[in-house]
Amino acid sequence: MASDTQLNSETQKTALVTGAARGIGLATAKSFLADGWRVALLDNDAETLAATMQALGNSADQVLKLDADVSEPDQVDAAIAEVGERFGRLDALVNNAGIAIFGPLMETSLEDWSRVMAVNLSGPFICTKAAVPLMLQNGGGSVVNITSISSLRASTLRVAYGTSKAGLAHLTQQQAVELGGLGIRVNAVAPGPVDTAMAKKVHTPEIRADYHDAIPLNRYGLEEEIAAAIRFLCSDAASYINGQMLSVDGGFEATGIGLPTLRRDAER
């Protein structure tokens with residue numbers, strides 16, 4: 001008979017988070033760890049990932065570092081195999097890895113377009129296909145794809161990024177329809193403007209003011225707030241939720257054109 005320690009190890013849930021070296025991915029990994037899950041953190045930025053793992057300070061049996069590019073099937077297959085070898089199961093996959101190359105339509109090169117599609121759309125396709133067999137060894141699990149509010153509304157300079165995220169929103173439904181019968185739920189989280197390190201670097205005060213005007217909650221979201229939504233969709237509390245996209249955006253999508261003057265008038 002297995003000892004209590006062995007039994008706990010065998011039944012302890014495991015999550016794989018891609019793009020986990022920083023930002024929303026790291027916040028999500030921390031959320032899983034806080035709830036007692038084991039977590040595999042995958043990223044193609046080996047240097048930052050190594051520093052992240054050191055900063056986490058978790059015991060070696062709770063975390064796993066995976067250096068891989070989600071757009072490379074061989075690397076993804078090797079990463080999933082390593083998860084199986086280390087943890088023996090996979091209960092949740094968070095397809096968070098993504099890149100953004102912003103620019104006008106006529107200045108977006110085919111090379112940039114192809115790279116964005118490879119990471120943002122092909123990546124979740126590749127990772128999910130690789131993860132399914134391991135998930136099925138324990139009866140199923142949950143996949144959460146990280147789309148964007150840009151999958152729901154067009155915006156300037158986002159021809160590649162927005163299109164890739166819109167494609168991922170549809171891929172989420174395709175995956176949900178086909179994998180639901182196997183016991184694997186697939187949903188998406190669509191973040192609105194989030195106070196990530198990148199946003200703090202590239203969003204000027206004028207851009208931030210524009211976003212504040214368009215968001216009813218009048219602020220950017222926090223990485224931890226996105227992580228909380230992801231964790232919910234991976235939890236048993238979401239056991240009958242499949243094929244859905246949850247916008248975590250402070251009401252940004254609900255505002256339509258959201259004329260600031262009219263909204264301020266209504267708030268008086």
# chains A, B, ... in the order shown; residues from 1 in each chain; ligands from 1
>>> residues_around(residues="A:Glu107", least_positions_apart="6", cutoff="12 Å", atoms="only C-alpha atoms", output="count of residues only")
6
>>> select_by_dssp(residues="stretch 122-234 of chain A", states="strand (DSSP E)", output="PyMOL selection string")
chain A and resi 141-146+184-191
>>> residues_around(residues="A:Ala227", least_positions_apart="4", cutoff="9 Å", atoms="only C-alpha atoms", output="ChimeraX atom specification")
/A:24-32,222-223,231-232
>>> write_last_selection(atoms="C-alpha atoms", output="PDB file, in the first residue's frame")
ATOM      1  CA  ILE A  24       0.209  37.034 -16.174  1.00  0.00           C
ATOM      2  CA  GLY A  25       1.862  33.638 -16.590  1.00  0.00           C
ATOM      3  CA  LEU A  26       3.957  34.045 -13.454  1.00  0.00           C
ATOM      4  CA  ALA A  27       0.998  35.385 -11.469  1.00  0.00           C
ATOM      5  CA  THR A  28      -0.986  32.337 -12.570  1.00  0.00           C
ATOM      6  CA  ALA A  29       1.793  29.947 -11.575  1.00  0.00           C
ATOM      7  CA  LYS A  30       1.964  31.576  -8.146  1.00  0.00           C
ATOM      8  CA  SER A  31      -1.807  31.217  -7.785  1.00  0.00           C
ATOM      9  CA  PHE A  32      -1.639  27.487  -8.505  1.00  0.00           C
ATOM     10  CA  LEU A 222      -3.835  43.557 -12.158  1.00  0.00           C
ATOM     11  CA  GLU A 223      -1.973  40.411 -13.175  1.00  0.00           C
ATOM     12  CA  ARG A 231      -7.651  29.537 -11.638  1.00  0.00           C
ATOM     13  CA  PHE A 232     -11.442  29.598 -11.398  1.00  0.00           C
TER      14      PHE A 232
END
>>> closest_residue(among="A:Gly162, A:Gly19, A:Gly181, A:Gly36", to="A:Leu105", atoms="only C-alpha atoms")
A:Gly162
>>> residues_around(residues="stretch 240-246 of chain A", least_positions_apart="2", cutoff="7 Å", atoms="only C-alpha atoms", output="ChimeraX atom specification")
/A:172-173,176,185-190,238,248
>>> write_last_selection(atoms="C-alpha atoms", output="mmCIF file, in the first residue's frame")
data_model
loop_
_atom_site.group_PDB
_atom_site.id
_atom_site.type_symbol
_atom_site.label_atom_id
_atom_site.label_comp_id
_atom_site.auth_asym_id
_atom_site.auth_seq_id
_atom_site.Cartn_x
_atom_site.Cartn_y
_atom_site.Cartn_z
ATOM 1 C CA THR A 172 -11.045 27.521 -27.951
ATOM 2 C CA GLN A 173 -14.543 26.594 -29.096
ATOM 3 C CA ALA A 176 -14.084 22.528 -26.314
ATOM 4 C CA ARG A 185 -12.904 21.412 -20.613
ATOM 5 C CA VAL A 186 -11.505 24.260 -22.732
ATOM 6 C CA ASN A 187 -12.213 27.915 -22.025
ATOM 7 C CA ALA A 188 -10.553 31.266 -22.613
ATOM 8 C CA VAL A 189 -9.779 34.375 -20.622
ATOM 9 C CA ALA A 190 -9.677 37.669 -22.511
ATOM 10 C CA ALA A 238 -16.134 25.605 -13.082
ATOM 11 C CA VAL A 248 -11.586 40.256 -17.533
#
>>> select_by_dssp(residues="stretch 170-241 of chain A", states="helix (DSSP H, G or I)", output="MDAnalysis selection string")
chainID A and resid 170:182 197:202 205:214 223:234 236:238
>>> closest_residue(among="A:Ser239, A:Ser122, A:Asn44, A:Ser148", to="A:Gly180", atoms="only C-alpha atoms")
A:Ser239
>>> residues_around(residues="A:Arg219", least_positions_apart="4", cutoff="12 Å", atoms="only C-alpha atoms", output="list in words")
Gly192, Pro193, Val194, Asp195, Arg208, Ala209, Asp210, Tyr211, His212, Asp213, Ala214, Ile215, Asp249, Gly250, Gly251 and Phe252 of chain A
>>> write_last_selection(atoms="C-alpha atoms", output="mmCIF file, in the first residue's frame")
data_model
loop_
_atom_site.group_PDB
_atom_site.id
_atom_site.type_symbol
_atom_site.label_atom_id
_atom_site.label_comp_id
_atom_site.auth_asym_id
_atom_site.auth_seq_id
_atom_site.Cartn_x
_atom_site.Cartn_y
_atom_site.Cartn_z
ATOM 1 C CA GLY A 192 -8.327 43.943 -21.088
ATOM 2 C CA PRO A 193 -5.588 46.487 -20.329
ATOM 3 C CA VAL A 194 -3.412 45.008 -17.578
ATOM 4 C CA ASP A 195 -0.690 46.711 -15.539
ATOM 5 C CA ARG A 208 -3.340 55.349 -20.043
ATOM 6 C CA ALA A 209 -5.776 58.264 -19.816
ATOM 7 C CA ASP A 210 -7.558 57.049 -22.962
ATOM 8 C CA TYR A 211 -7.925 53.569 -21.495
ATOM 9 C CA HIS A 212 -9.178 54.945 -18.195
ATOM 10 C CA ASP A 213 -11.832 56.887 -20.095
ATOM 11 C CA ALA A 214 -12.965 53.713 -21.882
ATOM 12 C CA ILE A 215 -13.028 51.400 -18.851
ATOM 13 C CA ASP A 249 -11.472 43.883 -18.563
ATOM 14 C CA GLY A 250 -13.207 46.134 -16.053
ATOM 15 C CA GLY A 251 -16.159 46.484 -18.420
ATOM 16 C CA PHE A 252 -14.098 47.681 -21.396
#
>>> closest_residue(among="A:Gly57, A:Pro205, A:Gly98, A:Gly103", to="A:Pro124", atoms="only C-alpha atoms")
A:Gly98
>>> closest_residue(among="A:Leu56, A:Arg89, A:Ser71, A:Trp37", to="A:Met135", atoms="only C-alpha atoms")
A:Arg89
>>> closest_residue(among="A:Lys200, A:Arg86, A:Ile126, A:Asp236", to="A:Glu72", atoms="only C-alpha atoms")
A:Ile126
>>> atom_distance(atom1="atom CA of A:Thr163", atom2="atom CA of A:Ala199")
20.0 Å
>>> residues_around(residues="stretch 168-171 of chain A", least_positions_apart="3", cutoff="8 Å", atoms="only C-alpha atoms", output="number ranges by chain")
A: 120-121, 124-125, 145, 147, 151, 164-165, 174-175, 188, 245
>>> atom_distance(atom1="atom CA of A:Pro133", atom2="atom CA of A:Leu41")
19.1 Å
>>> atom_distance(atom1="atom CA of A:Ser247", atom2="atom CA of A:Glu225")
11.5 Å
>>> decode(residues="stretch 2-53 of chain A", atoms="C-alpha atoms", output="PDB file, in the first residue's frame")
ATOM      1  CA  ALA A   2       1.279   3.482  -0.839  1.00  0.00           C
ATOM      2  CA  SER A   3       2.405   5.661   2.022  1.00  0.00           C
ATOM      3  CA  ASP A   4       0.547   8.894   2.778  1.00  0.00           C
ATOM      4  CA  THR A   5       3.419  10.830   1.193  1.00  0.00           C
ATOM      5  CA  GLN A   6       3.268   8.734  -1.959  1.00  0.00           C
ATOM      6  CA  LEU A   7      -0.505   8.997  -2.100  1.00  0.00           C
ATOM      7  CA  ASN A   8      -0.415  12.769  -1.739  1.00  0.00           C
ATOM      8  CA  SER A   9       2.218  12.983  -4.457  1.00  0.00           C
ATOM      9  CA  GLU A  10       0.180  10.822  -6.793  1.00  0.00           C
ATOM     10  CA  THR A  11      -3.054  12.748  -6.293  1.00  0.00           C
ATOM     11  CA  GLN A  12      -1.678  16.286  -6.058  1.00  0.00           C
ATOM     12  CA  LYS A  13      -2.856  18.223  -9.081  1.00  0.00           C
ATOM     13  CA  THR A  14      -0.415  19.585 -11.641  1.00  0.00           C
ATOM     14  CA  ALA A  15      -0.627  22.596 -13.932  1.00  0.00           C
ATOM     15  CA  LEU A  16       1.499  23.643 -16.888  1.00  0.00           C
ATOM     16  CA  VAL A  17       1.657  27.369 -17.589  1.00  0.00           C
ATOM     17  CA  THR A  18       3.291  28.640 -20.772  1.00  0.00           C
ATOM     18  CA  GLY A  19       4.892  32.065 -20.916  1.00  0.00           C
ATOM     19  CA  ALA A  20       5.398  31.711 -17.166  1.00  0.00           C
ATOM     20  CA  ALA A  21       8.625  33.642 -16.655  1.00  0.00           C
ATOM     21  CA  ARG A  22       6.847  36.928 -16.015  1.00  0.00           C
ATOM     22  CA  GLY A  23       3.563  38.801 -16.071  1.00  0.00           C
ATOM     23  CA  ILE A  24       0.209  37.034 -16.174  1.00  0.00           C
ATOM     24  CA  GLY A  25       1.862  33.638 -16.590  1.00  0.00           C
ATOM     25  CA  LEU A  26       3.957  34.045 -13.454  1.00  0.00           C
ATOM     26  CA  ALA A  27       0.998  35.385 -11.469  1.00  0.00           C
ATOM     27  CA  THR A  28      -0.986  32.337 -12.570  1.00  0.00           C
ATOM     28  CA  ALA A  29       1.793  29.947 -11.575  1.00  0.00           C
ATOM     29  CA  LYS A  30       1.964  31.576  -8.146  1.00  0.00           C
ATOM     30  CA  SER A  31      -1.807  31.217  -7.785  1.00  0.00           C
ATOM     31  CA  PHE A  32      -1.639  27.487  -8.505  1.00  0.00           C
ATOM     32  CA  LEU A  33       1.224  27.050  -6.049  1.00  0.00           C
ATOM     33  CA  ALA A  34      -0.678  28.935  -3.353  1.00  0.00           C
ATOM     34  CA  ASP A  35      -3.544  26.484  -3.795  1.00  0.00           C
ATOM     35  CA  GLY A  36      -1.254  23.503  -3.317  1.00  0.00           C
ATOM     36  CA  TRP A  37      -0.769  22.491  -6.943  1.00  0.00           C
ATOM     37  CA  ARG A  38       2.502  21.476  -8.520  1.00  0.00           C
ATOM     38  CA  VAL A  39       3.402  23.710 -11.446  1.00  0.00           C
ATOM     39  CA  ALA A  40       5.515  23.394 -14.566  1.00  0.00           C
ATOM     40  CA  LEU A  41       6.645  26.796 -15.818  1.00  0.00           C
ATOM     41  CA  LEU A  42       7.451  26.918 -19.528  1.00  0.00           C
ATOM     42  CA  ASP A  43       9.097  29.814 -21.331  1.00  0.00           C
ATOM     43  CA  ASN A  44      11.545  30.391 -24.186  1.00  0.00           C
ATOM     44  CA  ASP A  45      13.358  33.123 -22.233  1.00  0.00           C
ATOM     45  CA  ALA A  46      15.679  30.782 -20.364  1.00  0.00           C
ATOM     46  CA  GLU A  47      17.524  33.526 -18.483  1.00  0.00           C
ATOM     47  CA  THR A  48      14.401  35.191 -17.089  1.00  0.00           C
ATOM     48  CA  LEU A  49      12.818  31.816 -16.328  1.00  0.00           C
ATOM     49  CA  ALA A  50      15.876  30.742 -14.356  1.00  0.00           C
ATOM     50  CA  ALA A  51      15.731  33.945 -12.302  1.00  0.00           C
ATOM     51  CA  THR A  52      12.005  33.449 -11.762  1.00  0.00           C
ATOM     52  CA  MET A  53      12.491  29.914 -10.512  1.00  0.00           C
TER      53      MET A  53
END
